[in-house]
Each structure stands twice: as structure tokens, then as C-alpha cells.
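*Asks:* You'll find structure17.cif just under this line, and it carries mmCIF, C-alpha atoms and all ligand atoms.
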```cif
data_run
loop_
_atom_site.label_atom_id
_atom_site.label_comp_id
_atom_site.auth_asym_id
_atom_site.auth_seq_id
_atom_site.Cartn_x
_atom_site.Cartn_y
_atom_site.Cartn_z
CA MET A 5 -2.99 -136.37 75.86
CA ASN A 6 0.31 -134.71 76.68
CA GLU A 7 0.58 -130.94 76.84
CA PRO A 8 2.06 -129.72 73.54
CA ALA A 9 5.77 -128.93 73.95
CA PHE A 10 5.62 -125.51 72.29
CA ARG A 11 2.94 -122.90 71.77
CA ILE A 12 2.74 -119.60 69.92
CA GLY A 13 0.59 -116.50 70.33
CA THR A 14 0.60 -113.67 67.80
CA PHE A 15 -0.18 -109.99 68.26
CA SER A 16 -0.29 -106.62 66.57
CA ALA A 17 -0.83 -103.09 67.84
CA ASP A 18 -1.19 -99.69 66.24
CA VAL A 19 1.87 -97.47 66.83
CA THR A 20 1.01 -94.65 64.41
CA VAL A 21 2.76 -91.48 65.44
CA PRO A 22 0.69 -88.32 66.16
CA LEU A 23 0.78 -85.35 63.78
CA ASP A 24 3.42 -82.62 64.29
CA HIS A 25 5.84 -85.23 65.67
CA ARG A 26 9.59 -85.40 65.02
CA CYS A 27 10.76 -87.95 62.43
CA MET A 28 14.05 -89.85 62.38
CA GLY A 29 15.22 -87.90 65.40
CA VAL A 30 16.64 -85.03 63.42
CA LEU A 31 14.52 -84.33 60.33
CA PRO A 32 13.33 -80.71 60.20
CA THR A 33 9.88 -81.58 58.80
CA LYS A 34 7.52 -83.07 61.37
CA THR A 35 4.65 -85.46 60.65
CA LYS A 36 1.88 -83.90 58.54
CA PHE A 37 -0.33 -86.65 57.21
CA VAL A 38 -1.01 -90.37 57.74
CA LYS A 39 -0.83 -92.23 54.40
CA ASP A 40 -1.12 -95.58 56.15
CA PRO A 41 -0.71 -96.72 59.76
CA LEU A 42 2.41 -97.88 61.59
CA GLU A 43 2.20 -101.20 63.42
CA ALA A 44 4.05 -103.35 65.93
CA ARG A 45 3.63 -107.02 65.03
CA GLY A 46 5.05 -110.11 66.64
CA PHE A 47 4.71 -113.38 68.44
CA VAL A 48 5.32 -115.00 71.81
CA LEU A 49 6.83 -118.50 71.89
CA LEU A 50 6.09 -120.63 74.91
CA GLY A 51 7.95 -123.79 75.85
CA ALA A 52 9.89 -125.45 78.60
CA GLU A 53 11.91 -122.35 79.35
CA LYS A 54 10.72 -118.76 79.84
CA PRO A 55 8.80 -117.20 76.91
CA ILE A 56 10.60 -115.66 73.94
CA VAL A 57 9.07 -112.65 72.19
CA VAL A 58 9.80 -111.16 68.77
CA VAL A 59 8.29 -107.77 67.99
CA ALA A 60 8.89 -105.79 64.78
CA VAL A 61 7.98 -102.11 64.95
CA ASP A 62 7.27 -99.71 62.03
CA TRP A 63 9.50 -97.07 63.65
CA CYS A 64 12.88 -95.67 62.74
CA GLU A 65 14.94 -96.62 65.80
CA ILE A 66 14.57 -97.61 69.47
CA ARG A 67 17.64 -96.79 71.54
CA ASN A 68 19.27 -97.02 74.97
CA GLY A 69 16.78 -96.47 77.83
CA ALA A 70 13.83 -96.71 75.43
CA TYR A 71 15.13 -100.07 74.19
CA ASP A 72 15.07 -101.26 77.82
CA GLN A 73 11.58 -99.78 78.34
CA TRP A 74 10.24 -101.69 75.33
CA ARG A 75 11.84 -104.96 76.37
CA GLU A 76 10.83 -104.56 80.01
CA ALA A 77 7.22 -103.70 79.20
CA VAL A 78 6.87 -106.66 76.83
CA ALA A 79 8.78 -109.00 79.17
CA SER A 80 6.50 -108.11 82.04
CA ALA A 81 3.41 -108.71 79.88
CA ALA A 82 4.76 -112.07 78.66
CA GLY A 83 6.17 -113.26 81.98
CA THR A 84 9.78 -113.42 80.84
CA SER A 85 13.05 -111.51 81.18
CA ARG A 86 14.03 -108.60 78.97
CA GLU A 87 16.93 -110.25 77.15
CA ARG A 88 14.45 -112.78 75.76
CA VAL A 89 12.45 -110.00 74.07
CA LEU A 90 13.76 -109.33 70.56
CA VAL A 91 12.65 -105.81 69.62
CA THR A 92 13.48 -104.76 66.06
CA SER A 93 12.60 -101.54 64.24
CA LEU A 94 11.88 -101.66 60.52
CA HIS A 95 13.62 -98.25 60.17
CA GLN A 96 11.14 -96.24 58.12
CA HIS A 97 12.46 -92.65 58.24
CA ASP A 98 9.21 -90.68 58.57
CA ALA A 99 8.78 -92.40 61.93
CA PRO A 100 10.08 -91.87 65.47
CA VAL A 101 13.52 -92.38 66.97
CA VAL A 102 13.11 -92.95 70.72
CA ASP A 103 15.87 -92.79 73.36
CA ALA A 104 14.96 -92.24 77.01
CA GLY A 105 18.42 -90.93 77.96
CA ALA A 106 18.41 -88.39 75.13
CA ALA A 107 14.86 -87.33 76.00
CA LYS A 108 15.96 -86.58 79.57
CA LEU A 109 19.01 -84.60 78.45
CA LEU A 110 16.76 -82.56 76.14
CA ARG A 111 14.21 -82.00 78.90
CA ASP A 112 17.01 -80.66 81.11
CA VAL A 113 17.89 -77.99 78.52
CA GLY A 114 14.28 -76.95 77.90
CA LEU A 115 13.54 -79.12 74.86
CA PRO A 116 10.95 -81.58 76.23
CA ASN A 117 9.28 -83.88 73.67
CA GLU A 118 11.50 -82.52 70.87
CA LEU A 119 12.93 -85.96 70.05
CA TYR A 120 9.63 -87.75 70.66
CA ASP A 121 6.38 -87.37 72.54
CA GLU A 122 7.06 -89.19 75.80
CA ALA A 123 3.38 -89.52 76.77
CA PHE A 124 2.60 -91.05 73.37
CA HIS A 125 5.54 -93.43 73.84
CA ALA A 126 4.26 -94.56 77.24
CA GLU A 127 0.80 -95.12 75.77
CA VAL A 128 2.22 -97.21 72.93
CA LEU A 129 4.05 -99.42 75.44
CA GLN A 130 0.76 -100.02 77.27
CA ARG A 131 -0.99 -100.87 74.00
CA VAL A 132 1.73 -103.32 72.94
CA SER A 133 1.79 -104.90 76.42
CA ALA A 134 -1.98 -105.42 76.30
CA ALA A 135 -1.66 -107.04 72.86
CA VAL A 136 1.07 -109.37 74.17
CA LYS A 137 -1.09 -110.41 77.14
CA ASP A 138 -3.95 -111.09 74.79
CA ALA A 139 -1.65 -113.22 72.59
CA LEU A 140 -0.77 -115.40 75.59
CA SER A 141 -4.40 -116.16 76.26
CA LYS A 142 -4.90 -117.24 72.63
CA ALA A 143 -1.70 -119.26 72.20
CA VAL A 144 -1.94 -122.42 70.10
CA PRO A 145 0.40 -125.42 69.76
CA VAL A 146 3.30 -125.09 67.36
CA THR A 147 4.60 -128.42 66.11
CA HIS A 148 6.61 -127.49 63.01
CA VAL A 149 8.92 -124.73 61.84
CA GLY A 150 8.94 -123.75 58.17
CA THR A 151 11.88 -122.31 56.22
CA GLY A 152 11.86 -120.85 52.74
CA GLN A 153 13.52 -118.13 50.70
CA GLY A 154 12.67 -116.15 47.61
CA LYS A 155 14.96 -114.19 45.33
CA VAL A 156 14.03 -110.53 45.15
CA GLU A 157 14.73 -109.16 41.70
CA LYS A 158 15.99 -105.60 41.13
CA LEU A 159 15.38 -104.10 44.53
CA ALA A 160 18.45 -103.85 46.77
CA SER A 161 21.78 -102.25 45.96
CA ASN A 162 24.74 -101.26 48.09
CA ARG A 163 25.50 -97.66 49.06
CA ARG A 164 29.10 -98.29 48.04
CA VAL A 165 29.90 -97.46 44.45
CA VAL A 166 33.20 -96.82 42.68
CA ARG A 167 33.43 -93.57 40.73
CA GLU A 168 34.97 -93.43 37.24
CA ASP A 169 38.22 -92.12 38.73
CA GLY A 170 38.43 -95.11 41.11
CA ARG A 171 37.34 -93.25 44.24
CA VAL A 172 34.90 -95.12 46.50
CA THR A 173 31.75 -93.32 47.67
CA PHE A 174 28.96 -94.52 49.95
CA GLY A 175 26.73 -91.86 48.42
CA ARG A 176 24.10 -94.10 46.82
CA GLY A 177 21.11 -93.35 49.04
CA SER A 178 17.55 -94.63 48.93
CA ARG A 179 16.44 -92.30 46.10
CA SER A 180 19.55 -92.25 43.91
CA GLY A 181 17.84 -94.02 41.00
CA GLY A 182 17.19 -90.71 39.25
CA ASP A 183 20.96 -90.22 38.89
CA ALA A 184 22.27 -91.91 35.73
CA PHE A 185 25.60 -92.97 37.24
CA MET A 186 24.07 -94.34 40.47
CA SER A 187 21.39 -96.19 38.56
CA ALA A 188 23.90 -97.76 36.14
CA ALA A 189 26.49 -98.76 38.79
CA PRO A 190 26.42 -102.48 39.77
CA GLU A 191 24.28 -103.62 42.70
CA GLY A 192 27.38 -104.33 44.78
CA GLN A 193 27.25 -106.44 47.95
CA ILE A 194 23.65 -107.40 48.82
CA ASP A 195 21.77 -110.47 50.01
CA PRO A 196 19.23 -111.12 47.22
CA PHE A 197 17.03 -113.44 49.29
CA VAL A 198 14.07 -112.71 51.49
CA LYS A 199 13.98 -115.44 54.11
CA THR A 200 10.82 -116.59 55.85
CA ILE A 201 10.57 -118.57 59.09
CA SER A 202 7.06 -119.86 59.74
CA PHE A 203 5.36 -121.58 62.64
CA TRP A 204 2.83 -124.35 62.11
CA ASN A 205 0.30 -126.29 64.15
CA GLU A 206 0.55 -129.57 62.22
CA LYS A 207 -0.69 -128.59 58.74
CA THR A 208 -2.00 -125.17 59.78
CA PRO A 209 0.35 -122.19 59.40
CA ILE A 210 0.08 -119.67 62.27
CA ALA A 211 2.74 -117.01 61.67
CA ALA A 212 5.37 -116.04 59.12
CA LEU A 213 8.38 -113.83 59.80
CA SER A 214 10.02 -112.54 56.61
CA VAL A 215 13.35 -110.71 56.60
CA TYR A 216 15.15 -108.90 53.79
CA SER A 217 18.17 -106.60 53.80
CA ILE A 218 17.17 -103.16 52.52
CA HIS A 219 16.54 -99.65 53.83
CA PRO A 220 12.73 -99.57 53.82
CA MET A 221 12.12 -96.16 52.29
CA SER A 222 10.88 -95.18 48.87
CA THR A 223 10.78 -91.55 49.93
CA TYR A 224 10.90 -89.54 53.17
CA GLY A 225 11.44 -86.14 54.70
CA GLU A 226 8.02 -84.66 53.97
CA GLY A 227 6.30 -85.86 57.13
CA LEU A 228 4.11 -88.40 55.34
CA ILE A 229 3.60 -91.28 57.75
CA SER A 230 3.69 -94.69 56.07
CA ALA A 231 4.91 -98.23 56.72
CA ASP A 232 6.29 -97.78 53.18
CA PHE A 233 6.90 -100.49 50.59
CA VAL A 234 7.93 -103.11 53.14
CA GLY A 235 4.75 -102.57 55.16
CA LEU A 236 2.65 -102.51 51.99
CA ALA A 237 4.16 -105.83 50.82
CA ARG A 238 3.49 -107.28 54.27
CA ARG A 239 -0.17 -106.21 54.01
CA LEU A 240 -0.51 -107.78 50.57
CA ARG A 241 0.73 -111.07 52.04
CA GLN A 242 -1.65 -110.65 54.97
CA HIS A 243 -4.47 -110.20 52.47
CA ASP A 244 -3.40 -113.40 50.66
CA LEU A 245 -3.25 -115.38 53.92
CA PRO A 246 -5.67 -113.76 56.39
CA ASP A 247 -5.15 -116.46 59.04
CA VAL A 248 -1.34 -116.38 59.02
CA MET A 249 0.09 -113.49 60.99
CA GLN A 250 2.57 -111.73 58.69
CA ILE A 251 5.58 -110.10 60.30
CA TYR A 252 8.33 -108.33 58.40
CA ALA A 253 11.72 -107.26 59.74
CA SER A 254 14.59 -105.44 58.06
CA GLY A 255 17.78 -107.49 57.83
CA CYS A 256 21.28 -106.05 58.32
CA SER A 257 20.55 -103.09 56.05
CA GLY A 258 23.01 -100.33 57.01
CA ASP A 259 24.56 -100.21 53.53
CA THR A 260 21.70 -101.61 51.43
CA THR A 261 19.08 -99.34 49.87
CA ALA A 262 16.80 -99.33 46.84
CA GLY A 263 19.06 -96.58 45.45
CA LYS A 264 19.83 -98.22 42.12
CA TYR A 265 16.16 -98.77 41.30
CA ASN A 266 14.27 -96.02 43.12
CA ASP A 267 13.85 -92.41 42.06
CA GLY A 268 11.39 -91.58 44.85
CA SER A 269 8.30 -91.57 42.61
CA ASP A 270 4.97 -93.21 43.42
CA ALA A 271 5.50 -95.52 40.45
CA ALA A 272 8.83 -96.68 41.90
CA ARG A 273 7.21 -97.27 45.30
CA HIS A 274 4.59 -99.45 43.67
CA LYS A 275 7.25 -101.40 41.76
CA MET A 276 9.30 -101.91 44.94
CA THR A 277 6.25 -103.16 46.85
CA GLN A 278 5.53 -105.68 44.09
CA ARG A 279 9.12 -106.92 43.90
CA LEU A 280 9.38 -107.54 47.63
CA TYR A 281 5.91 -109.09 47.65
CA GLN A 282 6.92 -111.52 44.87
CA GLY A 283 10.01 -112.55 46.87
CA MET A 284 7.91 -113.11 50.01
CA LYS A 285 5.40 -115.14 48.04
CA GLN A 286 8.14 -117.32 46.59
CA ALA A 287 9.69 -117.78 50.06
CA TRP A 288 6.31 -118.96 51.30
CA GLU A 289 5.53 -121.24 48.38
CA THR A 290 8.92 -122.97 48.58
CA SER A 291 8.85 -123.34 52.38
CA LYS A 292 9.63 -126.76 53.88
CA THR A 293 8.44 -127.70 57.34
CA THR A 294 10.41 -129.63 59.93
CA PRO A 295 9.10 -130.93 63.28
CA LEU A 296 9.97 -128.44 65.99
CA THR A 297 11.88 -130.43 68.59
CA LYS A 298 13.99 -127.70 70.12
CA MET A 299 13.80 -124.02 70.87
CA GLN A 300 16.94 -122.75 72.53
CA PHE A 301 17.70 -119.20 73.48
CA ARG A 302 21.28 -117.97 73.60
CA SER A 303 22.57 -114.46 74.16
CA THR A 304 25.99 -112.90 74.59
CA PRO A 305 26.94 -109.40 75.77
CA LEU A 306 28.31 -107.38 72.86
CA ARG A 307 30.54 -104.51 73.95
CA LEU A 308 30.87 -102.02 71.10
CA GLU A 309 32.84 -98.90 71.99
CA PHE A 310 31.58 -95.35 71.62
CA TYR A 311 33.46 -93.60 68.78
CA GLU A 312 34.94 -90.71 70.79
CA HIS A 313 36.43 -88.46 68.13
CA GLY A 314 35.90 -85.06 66.50
CA ASN A 315 32.37 -83.81 67.11
CA LEU A 316 31.61 -86.91 69.21
CA GLU A 317 33.98 -85.85 72.04
CA PRO A 318 31.64 -85.76 75.06
CA ALA A 319 32.61 -82.16 75.95
CA LYS A 320 31.73 -81.03 72.42
CA LEU A 321 28.43 -82.93 72.50
CA GLN A 322 27.58 -81.28 75.83
CA ALA A 323 28.46 -77.82 74.47
CA THR A 324 26.24 -78.36 71.41
CA LEU A 325 23.38 -79.61 73.58
CA ASN A 326 23.63 -76.55 75.86
CA ASP A 327 23.90 -73.99 73.04
CA ALA A 328 20.49 -72.34 72.63
CA GLU A 329 21.76 -70.67 69.45
CA ARG A 330 22.12 -74.00 67.69
CA ARG A 331 19.33 -75.63 65.67
CA ALA A 332 17.10 -78.02 67.65
CA GLU A 333 18.14 -80.83 65.26
CA ASP A 334 21.85 -80.38 66.12
CA ARG A 335 21.07 -80.35 69.85
CA ILE A 336 18.96 -83.51 69.51
CA LEU A 337 21.77 -85.32 67.68
CA ALA A 338 24.18 -84.24 70.44
CA ALA A 339 21.77 -85.54 73.11
CA MET A 340 21.55 -88.88 71.29
CA GLY A 341 25.35 -89.12 71.21
CA LEU A 342 25.67 -88.24 74.90
CA SER A 343 23.01 -90.75 75.88
CA SER A 344 24.94 -93.52 74.09
CA HIS A 345 28.22 -92.34 75.57
CA GLN A 346 26.70 -92.55 79.07
CA ARG A 347 25.40 -96.06 78.42
CA VAL A 348 28.77 -97.30 77.20
CA ALA A 349 30.57 -95.55 80.07
CA ALA A 350 28.22 -97.35 82.50
CA ASP A 351 29.28 -100.63 80.80
CA GLN A 352 25.80 -101.60 79.66
CA PRO A 353 26.52 -104.01 76.83
CA ILE A 354 24.23 -104.75 73.89
CA ASP A 355 22.41 -108.08 74.23
CA PHE A 356 23.17 -110.14 71.13
CA PRO A 357 20.51 -112.88 70.99
CA CYS A 358 19.89 -116.00 68.93
CA VAL A 359 16.85 -118.25 68.95
CA ASP A 360 17.80 -121.72 67.74
CA PHE A 361 14.92 -123.72 66.27
CA GLY A 362 17.17 -126.58 65.15
CA ALA A 363 16.32 -126.19 61.46
CA ALA A 364 16.78 -122.41 61.65
CA GLN A 365 18.53 -119.79 63.73
CA LEU A 366 17.13 -116.30 64.25
CA LEU A 367 19.61 -113.53 65.11
CA LEU A 368 19.09 -109.90 66.09
CA PHE A 369 21.84 -107.44 65.18
CA PRO A 370 22.31 -103.95 66.59
CA GLY A 371 21.49 -100.78 64.64
CA GLU A 372 22.46 -100.31 61.05
CA SER A 373 24.71 -103.36 60.78
CA PHE A 374 26.05 -103.68 57.25
CA VAL A 375 24.83 -106.57 55.07
CA GLY A 376 28.28 -108.19 55.28
CA TYR A 377 27.38 -109.26 58.82
CA GLN A 378 24.37 -111.30 57.83
CA LEU A 379 26.39 -112.89 55.02
CA MET A 380 29.10 -113.67 57.61
CA ALA A 381 26.50 -115.33 59.88
CA GLN A 382 25.13 -117.42 56.99
CA GLN A 383 28.64 -118.54 56.12
CA MET A 384 29.32 -119.66 59.70
CA ARG A 385 26.31 -121.96 59.54
CA ALA A 386 26.21 -122.76 55.82
CA ASP A 387 24.59 -126.08 56.81
CA SER A 388 21.56 -124.32 58.28
CA PHE A 389 18.97 -121.58 57.68
CA VAL A 390 20.21 -118.43 59.40
CA VAL A 391 17.89 -115.41 59.50
CA SER A 392 19.39 -112.10 60.60
CA MET A 393 17.25 -109.18 61.69
CA GLY A 394 18.86 -105.74 62.02
CA TYR A 395 17.89 -102.65 64.05
CA GLY A 396 17.76 -104.19 67.53
CA GLU A 397 19.47 -101.81 69.99
CA CYS A 398 20.02 -98.84 67.69
CA TRP A 399 22.42 -96.47 69.53
CA THR A 400 25.27 -97.68 67.33
CA GLY A 401 23.90 -96.10 64.16
CA TYR A 402 25.85 -97.64 61.30
CA VAL A 403 27.93 -100.69 62.13
CA PRO A 404 30.36 -100.77 59.19
CA LEU A 405 32.80 -103.53 58.33
CA ASN A 406 36.54 -103.00 58.73
CA SER A 407 36.70 -102.81 54.93
CA SER A 408 34.07 -100.02 54.87
CA PHE A 409 36.20 -97.95 57.26
CA GLY A 410 39.14 -98.80 55.00
CA ASP A 411 37.16 -97.33 52.10
CA GLY A 412 36.75 -94.11 54.09
CA PHE A 413 33.17 -94.60 55.32
CA HIS A 414 32.05 -91.83 57.65
CA ASP A 415 28.66 -90.39 58.51
CA SER A 416 26.92 -88.27 61.15
CA TRP A 417 24.82 -91.40 61.93
CA LEU A 418 27.88 -93.36 63.12
CA TRP A 419 28.72 -93.86 66.81
CA VAL A 420 30.95 -96.97 66.77
CA PRO A 421 34.66 -96.97 65.86
CA PRO A 422 36.77 -98.90 63.36
CA GLY A 423 37.49 -102.37 64.73
CA SER A 424 33.87 -103.04 65.75
CA GLU A 425 33.77 -105.86 63.20
CA ASN A 426 36.06 -108.02 65.34
CA ARG A 427 33.71 -107.75 68.34
CA MET A 428 30.69 -108.39 66.12
CA GLN A 429 32.30 -111.47 64.60
CA GLN A 430 33.08 -112.91 68.03
CA ALA A 431 29.50 -112.34 69.18
CA ILE A 432 28.04 -114.03 66.09
CA GLN A 433 30.36 -116.98 66.65
CA LYS A 434 29.39 -117.28 70.32
CA VAL A 435 25.66 -117.54 69.66
CA LEU A 436 25.78 -119.47 66.37
CA LEU A 437 28.55 -121.94 67.17
CA PRO A 438 28.23 -122.48 70.92
ZN ZN B 1 19.40 -95.89 58.00
#
```
Rewrite the coordinates I just gave you, this time as C-alpha cells.
*Replies:*
Amino acid sequence: MNEPAFRIGTFSADVTVPLDHRCMGVLPTKTKFVKDPLEARGFVLLGAEKPIVVVAVDWCEIRNGAYDQWREAVASAAGTSRERVLVTSLHQHDAPVVDAGAAKLLRDVGLPNELYDEAFHAEVLQRVSAAVKDALSKAVPVTHVGTGQGKVEKLASNRRVVREDGRVTFGRGSRSGGDAFMSAAPEGQIDPFVKTISFWNEKTPIAALSVYSIHPMSTYGEGLISADFVGLARRLRQHDLPDVMQIYASGCSGDTTAGKYNDGSDAARHKMTQRLYQGMKQAWETSKTTPLTKMQFRSTPLRLEFYEHGNLEPAKLQATLNDAERRAEDRILAAMGLSSHQRVAADQPIDFPCVDFGAAQLLLFPGESFVGYQLMAQQMRADSFVVSMGYGECWTGYVPLNSSFGDGFHDSWLWVPPGSENRMQQAIQKVLLP
């Protein structure tokens, strides 16, 4: 018998953050209680070329040097190169932001471990690497790829709403559902479908990767650690199908939240979990499988500029970082900005990867790319099944569209300038339409 052309190994590892740990980089309330654990879940694909790894982490963001550390640790465990490791954060907010450059800058001004616990981070990388190695030893043939989508009812809505007087605001956040106007305003631009790519050994499903565009929080800011409604829906699917590794990733979700439907209550969280779960179930039940005959990896360097203006002028960032009178949160944010500025100044581009399975293409976008980007990618390959994950390299913060800048979008979580859309569009084209 011939060696099977492709094989897959799946893995998961606990990445639950310790208590009294910073959340979302800059939230004043640190972790207090573990409601449910945080996980890193993924798979290694083996074939003719070097292995490809996808790993989805229940953390807020992984940036700059830490993004390299994650990819290098996993690449070394899998026997591949770092650009072939697709690391995506789910973006829960009561969870860590990690950035090795920012951590060093903070250490230098006497704020070690303020952004994140570096020893904990190193330990997590060891744990994930061990899980990846274990996955390799248990890899099984993969002969078919499955594709399916399910419509998610009443869950996502866009941050952008138009006020009665015609003014545009991006003020619909994750918990805006308690506000009558925000709850009544139309959903706006969203992608209503959860898309699932699955991997099969003949008739036996091995792994399912589901992706939906939405900020994954029902509530945050009180230091309650949880994988939140997206992680809870994932666990319900895992319970349904114990032998099929369930992986969830957030799509391009910069401007999509549950804001129209969520008021932050436990009841709303339950409802959101159920709605996403139903979409995932439908995506699974309508999945079609196709023989897997190709698995091609393509990547292009994406050079987004650092948005040097106002408070993001490097001299101002340095002054804020050095100022012991300022709040720790302000100094952390300044360190994060400086770290990204240094990376861009050193001309370290973002890797923009695509895995082409023939019947489906899997993309990984940087940071908080707006949902318009995943719709753009789908349109470019309307003949195919394009799945876009967000929150790869996260130093960018929001990646708005030109039209969002035109509508006056601005935020303290924004480090890329107007015009980024053109560079994004070219990158998508390069990997999707080679
Ligand atoms: Zn966000």
C-alpha cells in the first residue's frame, strides 16, 4: 500500500491565565476567578511539503515578538518554518495580550510582568509545543476535506450605526443591547454565516475548524476568566462529537459585535452560546466532502504602516512610557505602540498566509480586520469556499476599511493609517488569485 498523501494530527493545551494577571493589556481589573478554562486548540497537516499548523488560542491578542515566539516554538515542535504556523487569537477580553517588545520596554522602566507574566508565557509555549509533538506521533491519514456553512440568527451586528441626525458612530460595543437605540438599529454589515472546514479519513471525521465574524465577549472587565460564548459553543459541539476535534476561530471581527442583541446578562450569554452553536451544527450537518488532492501553502509579506500621528508620535509614546506619574495602563499602551513602531521601522512585514485545499481556501488576517475584508476575499473567489480567520499578528489593532476612516473611525486601539485597505486588498489578491 502507498503511504497516504496527507495526514493530520490534532492537539489542545490548557492556556488558562493565572489569577491577578492583566487582561486585554490595559484593563484596570486583573483576573480574579476562573469561570471556565482557556485553551489552545489546533491541528498539524502533513504532506509532501513541510508541515502546516493552525492553532487557535483563547487569548485576547498575540503581538510582535510574542507572535514570533509562538510561531517559532510551534514550528520547531512540528518540524516546519514559522510562516507555515497560523496562530490566531479568539480575542476574549478577560484574557492576556502578549508582546515581547512591549514587555521588554516595560521591564526597562521598572514595570516587569505588568503587561503579562513572562514566566507563565514561556511555560505555555512549552505546553503547546509538547501537545504539537504529541499530535505528530498520533497523526492519521486525511483523504477528504469537508465544507459547510450555517446561518447564525440574531447574533452579530456592526459597530457602525447612523444616529437620528445622520451622524455615523462606531459606538455600538459588545454590550450595547441594553440601549434602546443601539438595539433597534439595523444589524449593518456582517457575515451571517459560520463556516466550517473539516478533515476526514475516508468516512471518519477527524477535525472541524469553525469560523464566524464576531467579537467573542458577552461581558468583560471584571477579571472573570472564560472562553466565553464562543468557547462554550465549541464545547457543546465537542460534547456532540467527542471524536472530532472542534476548533473555533474568530473571523475578521474588528467591527462586528453582539451589541444589538447582548445586554451583558447571563441570560444573553446563554442565548448567544445557543445561537452560535445552532449555526455550527447546521454548518456540520450540511457539510459536503471532497477528495483532498492538493494542499498548497502561499504567503505574501504585508507591509502595513505604523499610524504616526497625535499621541502615537514615537517621542510622545516614549515620554508616556517613561512618566512614572502616569497610570500603568497608559504606560503599557505606550509600550505596545512603541514595540509596533520598532517592528515596522525594522521592516518586519506581517506574513499573510493562505492554505489552499482546492475545494476551500483558509486565510489568516492581521489583528482586528473589519468584516468587509472577509467579504472582499469571498467575492474574489466566489466560485470557492473561502474561510477567513482574524487576529493573526495583532499589533495593528483595528484594520478599518477606507470607508470606515471616511466615516470618521478612530480609536485608541488603532495603529494603522488610512489607506491600509489598498495594501490589504493587494495581499488578499496575491494569495487567493496567484
Ligand atoms: Zn477587539
*Asks:* Do a neighbour search on A:Ile229 at 7 Å with all atoms listed in the file, toss out local chain neighbours closer than 5 positions, and write the hits as a VMD selection string.
*Replies:* chain A and resid 35 37 to 40 98 to 99
*Asks:* When distances are computed from only C-alpha atoms, which of A:Thr261, A:Thr20, A:Ser388, A:Gln352 shows the smallest separation from A:Phe124?
*Replies:*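 Nearest candidate to A:Phe124 out of A:Thr261, A:Thr20, A:Ser388, A:Gln352: A:Thr20.
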*Asks:* Have a look at A:Met249, A:Leu31, A:Val101, A:Ala44 and name the one nearest to A:Gly13; count only C-alpha atoms.
*Replies:*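 For A:Gly13, the nearest of the given residues is A:Met249.
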*Asks:* Set the cut-off to 10 Å, count only C-alpha atoms and all ligand atoms, and list whatever residues fall near ligand ZN 1 (chain B) as a compact mmCIF listing (two decimals) with C-alpha atoms, keeping the file's coordinate frame.
*Replies:*
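The resulting file, part-v7.txt, is reproduced below:
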```txt
# COMPACT_ATOMS: atom_id res chain seq x y z
CA MET A 28 14.05 -89.85 62.38
CA CYS A 64 12.88 -95.67 62.74
CA GLU A 65 14.94 -96.62 65.80
CA LEU A 94 11.88 -101.66 60.52
CA HIS A 95 13.62 -98.25 60.17
CA GLN A 96 11.14 -96.24 58.12
CA HIS A 97 12.46 -92.65 58.24
CA GLY A 177 21.11 -93.35 49.04
CA SER A 178 17.55 -94.63 48.93
CA ILE A 218 17.17 -103.16 52.52
CA HIS A 219 16.54 -99.65 53.83
CA PRO A 220 12.73 -99.57 53.82
CA MET A 221 12.12 -96.16 52.29
CA SER A 257 20.55 -103.09 56.05
CA GLY A 258 23.01 -100.33 57.01
CA ASP A 259 24.56 -100.21 53.53
CA THR A 260 21.70 -101.61 51.43
CA THR A 261 19.08 -99.34 49.87
CA GLY A 371 21.49 -100.78 64.64
CA GLU A 372 22.46 -100.31 61.05
CA SER A 373 24.71 -103.36 60.78
CA TYR A 395 17.89 -102.65 64.05
CA GLY A 401 23.90 -96.10 64.16
CA TYR A 402 25.85 -97.64 61.30
CA TRP A 417 24.82 -91.40 61.93
```
*Asks:* Go through A:Glu127, A:Asp138, A:Asp103, A:Glu43 one by one, measure the shortest atom-to-atom distance of each to A:Thr14 using all atoms listed in the file, and give the residue with the smallest value.
*Replies:*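 Of A:Glu127, A:Asp138, A:Asp103, A:Glu43, the one nearest A:Thr14 is A:Asp138, counting all atoms listed in the file.
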*Asks:* What is the atom CA of A:Val59 to atom CA of A:Val420 distance in Å?
*Replies:*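 Interatomic distance, atom CA of A:Val59 to atom CA of A:Val420: 25.1 Å.
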*Asks:* Have a look at A:Val435, A:Ala81, A:Leu159, A:Leu228 and name the one nearest to A:His25; count all atoms listed in the file.
*Replies:* A:Leu228
*Asks:* Considering all atoms listed in the file, state which residue in the set A:Ala211, A:Ala262, A:Ala60, A:Leu236 is at the smallest distance from A:Trp288.
*Replies:*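 Answer, going by the shortest atom-to-atom distance: A:Ala211.
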